[in-house]
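This report concerns only the one structure given below.
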Amino acid sequence: MAEAQTKQSLKNEKVGEVVSTKMAKTIVVEVSRRVPHPLYKRIIGKRKKFYAHDEEGTAKMGDVVRIVECRPLSKTKRWRLAEVVRRAAQVGAEPAELDKV
């Protein structure tokens with residue numbers, strides 16, 4: 001049982017923001033990190049997009065999610081959704097307010 005838990009913890013994990021949910025069972029997660037420039041030593045922001053498998057479609061645009069590395073699921077998809085860390089704020093207008101305009 002302990003071996004199964006250690007194998008799970010060895011998988012690569014990343015935390016990022018969902019930037020697209022337009023595909024079926026797939027989300028696009030943008031992971032940002034801050035690294036020093038190799039020559040000038042100034043801190044710069046780098047970001048990369050990862051395609052992740054979302055079976056139930058639980059993640060929405062703007063959510064902060066944790067993704068875990070897995071076997072290749074398609075040409076570009078090598079990650080799966082582990083959990084939704086923080087939900088995005090839902091901003092919307094009431095239908096009655098839209099009729100007044």
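Residue numbers start at 1 in each chain; chains themselves are named A, B, ... in the order of the structure tokens; ligands are numbered from 1 in the order shown.
Once range 41-48 of chain A and its same-chain neighbours fewer than 2 positions away are set aside, Val29, Glu30, Val31, Ser32, Arg33, Arg34, Val35, Pro36, His37, Pro38, Leu39 and Phe50 of chain A remain within 9 Å of it when counting only C-alpha atoms.
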Excluding same-chain residues fewer than 4 positions from range 61-74 of chain A, what lies within 12 Å of it counting only C-alpha atoms, as a short mmCIF file (atom, residue, chain, number, x, y, z; two decimals) with C-alpha atoms, in the first residue's frame?
```cif
data_model
loop_
_atom_site.label_atom_id
_atom_site.label_comp_id
_atom_site.auth_asym_id
_atom_site.auth_seq_id
_atom_site.Cartn_x
_atom_site.Cartn_y
_atom_site.Cartn_z
CA GLN A 8 1.29 8.70 -6.93
CA SER A 9 3.39 11.43 -5.32
CA LEU A 10 6.17 11.10 -7.93
CA LYS A 11 3.91 12.38 -10.71
CA ASN A 12 4.53 15.90 -11.91
CA GLU A 13 1.90 18.43 -10.74
CA LYS A 14 1.22 21.99 -11.83
CA VAL A 15 -1.20 24.69 -10.69
CA GLY A 16 -2.60 27.14 -13.21
CA GLU A 17 -5.61 29.04 -14.49
CA VAL A 18 -8.14 27.66 -16.97
CA VAL A 19 -8.10 29.82 -20.11
CA SER A 20 -10.33 27.70 -22.39
CA THR A 21 -13.08 25.10 -22.04
CA LYS A 22 -14.29 25.08 -25.66
CA LYS A 25 -13.58 16.86 -22.09
CA THR A 26 -10.50 19.07 -22.52
CA ILE A 27 -9.39 22.25 -20.78
CA VAL A 28 -6.45 24.54 -21.51
CA VAL A 29 -4.52 25.52 -18.37
CA GLU A 30 -2.02 28.38 -18.37
CA VAL A 31 0.78 27.93 -15.83
CA SER A 32 2.78 31.03 -14.91
CA LYS A 49 -0.33 26.35 -21.82
CA PHE A 50 -1.10 22.71 -21.09
CA TYR A 51 -3.99 20.64 -22.45
CA ALA A 52 -5.65 18.62 -19.67
CA HIS A 53 -8.36 15.96 -19.61
CA ASP A 54 -11.53 16.98 -17.74
CA GLU A 55 -13.88 13.99 -17.86
CA GLY A 57 -16.42 19.07 -17.29
CA ARG A 78 -0.64 14.55 -21.46
CA TRP A 79 -2.28 15.94 -18.29
CA ARG A 80 -5.48 15.31 -16.37
CA LEU A 81 -7.44 17.48 -13.97
CA ALA A 82 -6.73 16.54 -10.34
CA GLU A 83 -8.82 19.17 -8.52
CA VAL A 84 -10.27 22.64 -8.72
CA VAL A 85 -8.28 24.70 -6.21
CA ARG A 86 -10.33 27.93 -6.44
CA ARG A 87 -13.47 28.78 -8.39
CA ALA A 88 -13.62 31.92 -10.53
CA ALA A 89 -15.89 34.75 -9.43
CA GLN A 90 -19.21 34.54 -11.27
CA VAL A 91 -19.98 37.94 -12.78
#
```
In chain A, what's helix (DSSP H, G or I) per DSSP? Answer as a list in words?
Ala2, Glu3, Ala4, Gln5, Thr6, Lys7, Gln8, Ser9, Pro95, Ala96, Glu97, Leu98, Asp99 and Lys100 of chain A
Written file, previous selection with C-alpha atoms, as a tab-separated table (two decimals), in the first residue's frame:
```
chain	number	residue	atom	x	y	z
A	2	ALA	CA	2.85	2.39	0.77
A	3	GLU	CA	4.37	1.76	-2.67
A	4	ALA	CA	1.14	2.85	-4.36
A	5	GLN	CA	1.15	6.13	-2.42
A	6	THR	CA	4.79	6.90	-3.25
A	7	LYS	CA	4.20	6.25	-6.96
A	8	GLN	CA	1.29	8.70	-6.93
A	9	SER	CA	3.39	11.43	-5.32
A	95	PRO	CA	-32.02	39.12	-17.60
A	96	ALA	CA	-34.38	41.90	-16.43
A	97	GLU	CA	-31.49	44.41	-16.41
A	98	LEU	CA	-30.61	43.55	-20.01
A	99	ASP	CA	-34.16	44.32	-21.22
A	100	LYS	CA	-34.00	47.90	-19.88
```
Which of chain A counts as strand (DSSP E or B) under DSSP, as a ChimeraX atom specification please?
/A:13-23,26-36,43-53,64-69,79-86
Okay, now the selection with C-alpha atoms, as an mmCIF file, in the first residue's frame?
```
data_model
loop_
_atom_site.group_PDB
_atom_site.id
_atom_site.type_symbol
_atom_site.label_atom_id
_atom_site.label_comp_id
_atom_site.auth_asym_id
_atom_site.auth_seq_id
_atom_site.Cartn_x
_atom_site.Cartn_y
_atom_site.Cartn_z
ATOM 1 C CA GLU A 13 1.901 18.435 -10.739
ATOM 2 C CA LYS A 14 1.219 21.986 -11.829
ATOM 3 C CA VAL A 15 -1.202 24.690 -10.692
ATOM 4 C CA GLY A 16 -2.598 27.143 -13.211
ATOM 5 C CA GLU A 17 -5.612 29.039 -14.492
ATOM 6 C CA VAL A 18 -8.138 27.657 -16.973
ATOM 7 C CA VAL A 19 -8.103 29.817 -20.114
ATOM 8 C CA SER A 20 -10.326 27.702 -22.390
ATOM 9 C CA THR A 21 -13.078 25.096 -22.036
ATOM 10 C CA LYS A 22 -14.287 25.078 -25.655
ATOM 11 C CA MET A 23 -13.277 21.470 -26.381
ATOM 12 C CA THR A 26 -10.498 19.069 -22.520
ATOM 13 C CA ILE A 27 -9.387 22.252 -20.780
ATOM 14 C CA VAL A 28 -6.454 24.544 -21.505
ATOM 15 C CA VAL A 29 -4.520 25.515 -18.375
ATOM 16 C CA GLU A 30 -2.024 28.383 -18.370
ATOM 17 C CA VAL A 31 0.777 27.926 -15.825
ATOM 18 C CA SER A 32 2.780 31.034 -14.906
ATOM 19 C CA ARG A 33 6.164 31.132 -13.198
ATOM 20 C CA ARG A 34 8.671 33.834 -12.320
ATOM 21 C CA VAL A 35 12.315 33.145 -13.195
ATOM 22 C CA PRO A 36 15.477 35.274 -13.317
ATOM 23 C CA ILE A 43 12.822 38.531 -12.644
ATOM 24 C CA ILE A 44 10.580 37.884 -15.640
ATOM 25 C CA GLY A 45 7.272 36.083 -15.952
ATOM 26 C CA LYS A 46 7.029 33.008 -18.156
ATOM 27 C CA ARG A 47 3.838 31.154 -18.983
ATOM 28 C CA LYS A 48 2.937 27.983 -20.797
ATOM 29 C CA LYS A 49 -0.328 26.345 -21.818
ATOM 30 C CA PHE A 50 -1.104 22.705 -21.088
ATOM 31 C CA TYR A 51 -3.995 20.641 -22.445
ATOM 32 C CA ALA A 52 -5.650 18.620 -19.669
ATOM 33 C CA HIS A 53 -8.363 15.962 -19.614
ATOM 34 C CA VAL A 64 -7.435 27.830 -10.591
ATOM 35 C CA VAL A 65 -6.823 24.091 -10.995
ATOM 36 C CA ARG A 66 -4.223 21.429 -10.210
ATOM 37 C CA ILE A 67 -3.236 19.153 -13.102
ATOM 38 C CA VAL A 68 -1.280 15.884 -12.890
ATOM 39 C CA GLU A 69 0.886 14.256 -15.529
ATOM 40 C CA TRP A 79 -2.277 15.942 -18.293
ATOM 41 C CA ARG A 80 -5.479 15.311 -16.375
ATOM 42 C CA LEU A 81 -7.444 17.479 -13.974
ATOM 43 C CA ALA A 82 -6.730 16.544 -10.338
ATOM 44 C CA GLU A 83 -8.823 19.168 -8.518
ATOM 45 C CA VAL A 84 -10.271 22.644 -8.725
ATOM 46 C CA VAL A 85 -8.284 24.701 -6.210
ATOM 47 C CA ARG A 86 -10.329 27.926 -6.441
#
```
